[in-house]
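Peer 1: What follows is model-v4.cif; its format and atoms are mmCIF, C-alpha atoms.
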```
data_structure
loop_
_atom_site.label_atom_id
_atom_site.label_comp_id
_atom_site.auth_asym_id
_atom_site.auth_seq_id
_atom_site.Cartn_x
_atom_site.Cartn_y
_atom_site.Cartn_z
CA MET A 1 -13.81 206.22 282.69
CA ILE A 2 -16.28 208.86 281.54
CA THR A 3 -15.47 212.52 280.96
CA ILE A 4 -18.20 215.17 280.94
CA ARG A 5 -17.29 218.14 278.75
CA GLY A 6 -18.87 220.87 276.70
CA ALA A 7 -20.21 219.73 273.34
CA THR A 8 -18.51 220.98 270.19
CA VAL A 9 -19.64 221.20 266.57
CA GLU A 10 -17.47 218.14 265.91
CA ASP A 11 -19.65 216.14 268.34
CA LEU A 12 -22.96 216.83 266.59
CA ILE A 13 -23.02 213.67 264.42
CA SER A 14 -22.33 211.53 267.51
CA ILE A 15 -25.00 213.40 269.48
CA GLN A 16 -27.54 212.82 266.72
CA ASN A 17 -26.55 209.15 266.60
CA CYS A 18 -27.09 208.81 270.35
CA ASN A 19 -30.48 210.50 269.98
CA LEU A 20 -31.57 208.25 267.10
CA HIS A 21 -30.61 205.08 268.99
CA ASN A 22 -32.25 206.01 272.28
CA LEU A 23 -35.20 208.37 271.92
CA PRO A 24 -38.46 208.50 269.99
CA GLU A 25 -38.11 212.29 269.50
CA ASN A 26 -35.53 212.95 266.83
CA TYR A 27 -34.23 216.17 265.33
CA GLN A 28 -32.73 217.27 262.04
CA MET A 29 -29.05 218.23 262.10
CA LYS A 30 -29.93 221.93 261.69
CA TYR A 31 -31.55 221.87 265.14
CA TYR A 32 -28.35 220.60 266.76
CA ILE A 33 -26.35 223.22 264.84
CA TYR A 34 -28.78 225.92 266.03
CA HIS A 35 -28.10 224.94 269.67
CA ALA A 36 -24.32 224.78 269.11
CA ILE A 37 -24.21 228.23 267.49
CA SER A 38 -26.73 229.97 269.77
CA TRP A 39 -25.69 228.56 273.16
CA PRO A 40 -22.26 226.90 272.74
CA GLN A 41 -21.65 226.93 276.51
CA LEU A 42 -24.68 224.84 277.49
CA SER A 43 -24.81 221.44 275.78
CA GLN A 44 -22.64 218.71 277.28
CA VAL A 45 -21.40 215.28 276.21
CA ALA A 46 -20.24 212.19 278.07
CA GLU A 47 -17.17 210.70 276.42
CA ASP A 48 -15.61 207.32 277.16
CA ASP A 49 -11.84 206.76 277.34
CA ARG A 50 -11.74 205.87 273.62
CA GLY A 51 -13.35 209.17 272.61
CA ASN A 52 -16.83 207.79 271.92
CA ILE A 53 -19.83 209.94 272.83
CA VAL A 54 -22.01 207.78 275.12
CA GLY A 55 -24.45 210.47 276.24
CA TYR A 56 -25.41 214.10 275.80
CA VAL A 57 -27.64 216.87 277.05
CA LEU A 58 -28.89 219.41 274.52
CA ALA A 59 -29.71 222.66 276.32
CA LYS A 60 -30.72 226.20 275.48
CA MET A 61 -31.90 229.46 276.99
CA ASP A 62 -35.52 230.56 276.67
CA GLU A 63 -35.32 233.95 275.04
CA GLU A 64 -39.07 234.64 275.11
CA SER A 65 -39.30 234.98 278.89
CA LYS A 66 -38.85 238.06 281.08
CA GLU A 67 -36.95 235.99 283.64
CA PRO A 68 -33.82 234.30 282.24
CA HIS A 69 -34.15 230.54 282.32
CA GLY A 70 -32.72 227.51 280.62
CA HIS A 71 -34.48 224.61 278.96
CA ILE A 72 -33.37 221.02 278.48
CA THR A 73 -34.21 220.09 274.90
CA SER A 74 -32.97 216.50 275.01
CA LEU A 75 -31.03 214.10 277.24
CA ALA A 76 -29.87 210.61 276.28
CA VAL A 77 -27.34 208.01 277.40
CA MET A 78 -26.51 204.92 275.36
CA ARG A 79 -28.17 201.83 276.87
CA SER A 80 -24.94 200.04 277.82
CA TRP A 81 -23.83 203.13 279.81
CA ARG A 82 -27.02 203.71 281.80
CA ARG A 83 -27.38 203.47 285.59
CA LEU A 84 -23.87 204.88 286.12
CA GLY A 85 -24.90 208.44 287.03
CA ILE A 86 -24.00 209.86 283.62
CA ALA A 87 -27.37 211.56 282.99
CA ASP A 88 -27.20 213.15 286.45
CA LYS A 89 -23.70 214.53 285.75
CA LEU A 90 -24.70 215.83 282.31
CA MET A 91 -27.72 217.61 283.76
CA ARG A 92 -25.77 219.18 286.61
CA GLU A 93 -23.11 220.53 284.23
CA ALA A 94 -25.76 222.01 281.91
CA GLN A 95 -27.56 223.66 284.84
CA LYS A 96 -24.30 225.10 286.15
CA ALA A 97 -23.46 226.50 282.69
CA MET A 98 -26.93 228.10 282.43
CA LYS A 99 -26.49 229.92 285.70
CA GLU A 100 -22.83 230.91 285.24
CA ASN A 101 -23.06 232.04 281.61
CA PHE A 102 -26.57 233.47 281.37
CA GLY A 103 -27.73 234.10 284.95
CA ALA A 104 -30.57 231.60 284.60
CA HIS A 105 -33.01 231.63 287.52
CA TYR A 106 -34.41 228.18 286.75
CA VAL A 107 -34.39 225.35 284.22
CA SER A 108 -37.39 223.70 282.59
CA LEU A 109 -38.00 220.52 280.62
CA HIS A 110 -40.68 218.18 279.31
CA VAL A 111 -40.80 214.45 279.94
CA ARG A 112 -43.13 211.72 278.76
CA LYS A 113 -45.61 210.63 281.42
CA SER A 114 -44.60 207.02 280.70
CA ASN A 115 -40.84 207.54 281.09
CA ARG A 116 -40.39 206.25 284.64
CA ALA A 117 -36.58 206.26 284.59
CA ALA A 118 -36.46 209.91 283.51
CA LEU A 119 -39.12 210.88 286.05
CA HIS A 120 -37.05 209.25 288.80
CA LEU A 121 -33.96 211.19 287.69
CA TYR A 122 -35.75 214.53 287.43
CA ARG A 123 -38.02 214.32 290.50
CA ASP A 124 -36.04 212.25 292.97
CA THR A 125 -32.39 212.85 292.08
CA LEU A 126 -32.37 216.35 290.58
CA LYS A 127 -35.38 217.72 292.54
CA PHE A 128 -37.45 219.07 289.65
CA THR A 129 -41.13 219.75 290.35
CA THR A 130 -44.05 219.22 288.00
CA THR A 131 -45.67 222.49 286.98
CA GLU A 132 -48.33 221.14 284.63
CA ILE A 133 -49.38 218.30 282.34
CA GLU A 134 -49.33 219.18 278.65
CA LYS A 135 -51.90 217.05 276.87
CA GLY A 136 -50.76 215.53 273.57
CA TYR A 137 -47.37 217.24 273.74
CA TYR A 138 -45.51 214.52 271.82
CA ALA A 139 -46.01 213.70 268.13
CA ASP A 140 -47.53 210.32 269.02
CA GLY A 141 -50.10 212.03 271.26
CA GLU A 142 -48.57 211.13 274.63
CA ASP A 143 -48.89 213.70 277.41
CA ALA A 144 -45.84 215.38 278.94
CA TYR A 145 -45.05 216.59 282.40
CA SER A 146 -43.73 220.13 282.28
CA MET A 147 -41.09 220.35 285.01
CA LYS A 148 -39.03 223.10 286.57
CA LYS A 149 -36.11 223.49 288.98
CA SER A 150 -34.81 226.64 290.63
CA LEU A 151 -31.12 227.37 290.14
CA LYS A 152 -31.03 229.85 293.03
CA ASP A 153 -29.04 227.54 295.35
CA LEU A 154 -26.73 226.16 292.69
#
```
What does this structure look like when you write it as C-alpha coordinates?

Peer 2:
Amino acid sequence: MITIRGATVEDLISIQNCNLHNLPENYQMKYYIYHAISWPQLSQVAEDDRGNIVGYVLAKMDEESKEPHGHITSLAVMRSWRRLGIADKLMREAQKAMKENFGAHYVSLHVRKSNRAALHLYRDTLKFTTTEIEKGYYADGEDAYSMKKSLKDL
(Lines of atoms letter the chains of each structure in order from A and count residues from 1; the text may use other names and numbers.)
(Lines give C-alpha, C1' and ligand atoms only; values in the text may rest on other atoms or scores of the structure.)
Protein backbone atom coordinates (compact mmCIF):
# COMPACT_ATOMS: atom_id res chain seq x y z
CA MET A 1 0.00 0.00 0.00
CA ILE A 2 1.18 3.51 -0.84
CA THR A 3 0.58 6.60 1.27
CA ILE A 4 0.81 10.09 -0.23
CA ARG A 5 1.82 12.68 2.36
CA GLY A 6 3.53 16.02 2.65
CA ALA A 7 7.31 15.86 2.38
CA THR A 8 9.39 16.69 5.45
CA VAL A 9 13.01 17.73 5.90
CA GLU A 10 13.69 14.16 7.04
CA ASP A 11 12.61 12.92 3.58
CA LEU A 12 15.07 15.03 1.59
CA ILE A 13 17.85 12.40 1.32
CA SER A 14 15.32 9.84 0.06
CA ILE A 15 13.87 12.38 -2.39
CA GLN A 16 17.33 13.15 -3.74
CA ASN A 17 18.03 9.41 -4.03
CA CYS A 18 14.82 8.91 -6.03
CA ASN A 19 15.80 11.82 -8.27
CA LEU A 20 19.33 10.50 -8.88
CA HIS A 21 18.06 7.02 -9.79
CA ASN A 22 15.31 8.16 -12.14
CA LEU A 23 15.98 11.51 -13.79
CA PRO A 24 18.74 13.11 -15.85
CA GLU A 25 18.15 16.49 -14.12
CA ASN A 26 19.67 16.38 -10.67
CA TYR A 27 19.86 18.97 -7.93
CA GLN A 28 22.16 19.75 -5.03
CA MET A 29 20.74 19.18 -1.55
CA LYS A 30 20.50 22.95 -0.95
CA TYR A 31 17.84 23.15 -3.67
CA TYR A 32 15.66 20.56 -1.92
CA ILE A 33 16.18 22.39 1.39
CA TYR A 34 15.18 25.68 -0.28
CA HIS A 35 11.86 24.11 -1.38
CA ALA A 36 11.25 22.56 2.05
CA ILE A 37 11.87 25.84 3.88
CA SER A 38 10.13 28.17 1.42
CA TRP A 39 7.03 26.10 0.58
CA PRO A 40 6.76 23.29 3.17
CA GLN A 41 3.10 22.67 2.29
CA LEU A 42 3.64 21.83 -1.39
CA SER A 43 6.07 18.97 -1.97
CA GLN A 44 4.68 15.46 -1.55
CA VAL A 45 6.11 11.96 -1.18
CA ALA A 46 4.79 8.47 -1.88
CA GLU A 47 5.73 6.09 0.92
CA ASP A 48 5.38 2.31 0.89
CA ASP A 49 4.19 0.31 3.90
CA ARG A 50 7.79 -0.14 5.09
CA GLY A 51 8.43 3.61 5.16
CA ASN A 52 10.46 3.79 1.94
CA ILE A 53 10.03 6.83 -0.30
CA VAL A 54 9.12 5.46 -3.75
CA GLY A 55 8.19 8.75 -5.41
CA TYR A 56 8.01 12.49 -4.90
CA VAL A 57 6.88 15.75 -6.39
CA LEU A 58 8.98 18.84 -5.70
CA ALA A 59 6.79 21.94 -6.02
CA LYS A 60 7.02 25.66 -5.43
CA MET A 61 5.20 28.93 -5.96
CA ASP A 62 6.35 31.39 -8.62
CA GLU A 63 6.97 34.59 -6.72
CA GLU A 64 7.89 36.68 -9.78
CA SER A 65 4.40 36.67 -11.28
CA LYS A 66 1.50 39.06 -10.71
CA GLU A 67 -0.94 36.15 -10.71
CA PRO A 68 -0.21 33.53 -8.01
CA HIS A 69 0.73 30.22 -9.56
CA GLY A 70 2.59 27.08 -8.67
CA HIS A 71 5.36 25.30 -10.51
CA ILE A 72 6.33 21.63 -10.55
CA THR A 73 10.11 21.50 -10.24
CA SER A 74 10.49 17.72 -10.37
CA LEU A 75 8.42 14.53 -10.30
CA ALA A 76 9.79 10.99 -10.08
CA VAL A 77 8.61 7.51 -9.16
CA MET A 78 10.97 4.57 -8.68
CA ARG A 79 10.85 2.24 -11.69
CA SER A 80 9.41 -0.76 -9.84
CA TRP A 81 6.49 1.41 -8.61
CA ARG A 82 5.49 2.97 -11.94
CA ARG A 83 2.18 2.48 -13.75
CA LEU A 84 0.27 2.34 -10.45
CA GLY A 85 -1.11 5.90 -10.52
CA ILE A 86 1.41 7.21 -7.99
CA ALA A 87 2.61 10.15 -10.13
CA ASP A 88 -1.01 11.16 -10.76
CA LYS A 89 -1.77 11.13 -7.01
CA LEU A 90 1.39 13.08 -6.16
CA MET A 91 0.56 15.73 -8.75
CA ARG A 92 -3.05 16.09 -7.61
CA GLU A 93 -2.01 16.55 -3.97
CA ALA A 94 0.59 19.18 -4.91
CA GLN A 95 -1.95 21.09 -7.04
CA LYS A 96 -4.52 20.98 -4.23
CA ALA A 97 -1.93 22.31 -1.75
CA MET A 98 -1.00 25.15 -4.14
CA LYS A 99 -4.58 26.29 -4.39
CA GLU A 100 -5.53 25.82 -0.72
CA ASN A 101 -2.39 27.33 0.82
CA PHE A 102 -1.43 30.04 -1.67
CA GLY A 103 -4.52 30.68 -3.81
CA ALA A 104 -2.73 29.54 -6.97
CA HIS A 105 -4.67 30.20 -10.17
CA TYR A 106 -2.69 27.68 -12.22
CA VAL A 107 0.31 25.37 -12.17
CA SER A 108 3.14 25.21 -14.70
CA LEU A 109 5.91 22.75 -15.53
CA HIS A 110 8.51 21.81 -18.12
CA VAL A 111 8.86 18.38 -19.68
CA ARG A 112 11.33 16.93 -22.15
CA LYS A 113 9.91 16.60 -25.65
CA SER A 114 11.13 12.99 -25.69
CA ASN A 115 9.48 11.95 -22.41
CA ARG A 116 6.39 10.21 -23.78
CA ALA A 117 5.26 8.73 -20.44
CA ALA A 118 5.34 12.14 -18.74
CA LEU A 119 3.58 13.79 -21.69
CA HIS A 120 0.81 11.19 -21.46
CA LEU A 121 0.41 11.88 -17.73
CA TYR A 122 0.39 15.66 -18.09
CA ARG A 123 -1.68 16.02 -21.28
CA ASP A 124 -4.06 13.09 -21.17
CA THR A 125 -4.51 12.31 -17.48
CA LEU A 126 -3.98 15.66 -15.75
CA LYS A 127 -5.19 17.88 -18.65
CA PHE A 128 -2.22 20.23 -18.92
CA THR A 129 -1.90 22.21 -22.15
CA THR A 130 1.30 23.12 -23.97
CA THR A 131 1.94 26.86 -23.93
CA GLU A 132 5.25 26.93 -25.80
CA ILE A 133 8.37 24.99 -26.76
CA GLU A 134 11.53 26.18 -25.05
CA LYS A 135 14.48 25.43 -27.31
CA GLY A 136 17.53 23.96 -25.57
CA TYR A 137 15.92 24.17 -22.14
CA TYR A 138 17.76 21.17 -20.69
CA ALA A 139 21.52 21.02 -20.00
CA ASP A 140 21.98 18.43 -22.76
CA GLY A 141 20.30 20.75 -25.28
CA GLU A 142 16.94 18.96 -25.51
CA ASP A 143 13.86 21.14 -25.98
CA ALA A 144 11.11 21.31 -23.38
CA TYR A 145 7.39 21.72 -23.59
CA SER A 146 6.24 24.46 -21.25
CA MET A 147 2.85 23.33 -19.92
CA LYS A 148 0.13 24.87 -17.81
CA LYS A 149 -3.09 23.82 -16.06
CA SER A 150 -5.77 26.01 -14.53
CA LEU A 151 -6.63 25.29 -10.91
CA LYS A 152 -9.91 27.20 -11.10
CA ASP A 153 -12.10 24.06 -11.01
CA LEU A 154 -10.04 22.19 -8.45

Peer 1: The residues within 10 Å of (-25.7, 221.7, 283.6), using all atoms listed in the file and the coordinates of the file, should be reported as a ChimeraX atom specification; which are they?

Peer 2: /A:6,41-44,57-59,70,72,88-100,107

Peer 1: Pull out every residue that the PyMOL selection byres ((chain A and resi 45) around 6) matches in the shown coordinates and put them as number ranges by chain.

Peer 2: A: 4-5, 7, 44, 46, 55-56

Peer 1: Atom CA of Leu12 of chain A to atom CA of Tyr32 of chain A: how many Å, to one decimal?

Peer 2: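 Taking atom CA of Leu12 of chain A and atom CA of Tyr32 of chain A, their separation equals 6.6 Å.
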
Peer 1: What does the distance from atom CA of Thr8 of chain A to atom CA of Tyr122 of chain A come to in Å, to one decimal?

Peer 2: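 Separation between atom CA of Thr8 of chain A and atom CA of Tyr122 of chain A: 25.2 Å.
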
Peer 1: Between A:Asp153, A:Asp124, A:Asp62, A:Glu132, single out the one closest to Phe102 of chain A, counting all atoms listed in the file.

Peer 2: A:Asp62

Peer 1: Might you spell out which residues the PyMOL selection byres ((chain A and resi 117-120) around 12) would select in the displayed file, as a PyMOL selection string?

Peer 2: chain A and resi 23+74-77+82-83+87-88+91+109-116+121-130+144-147
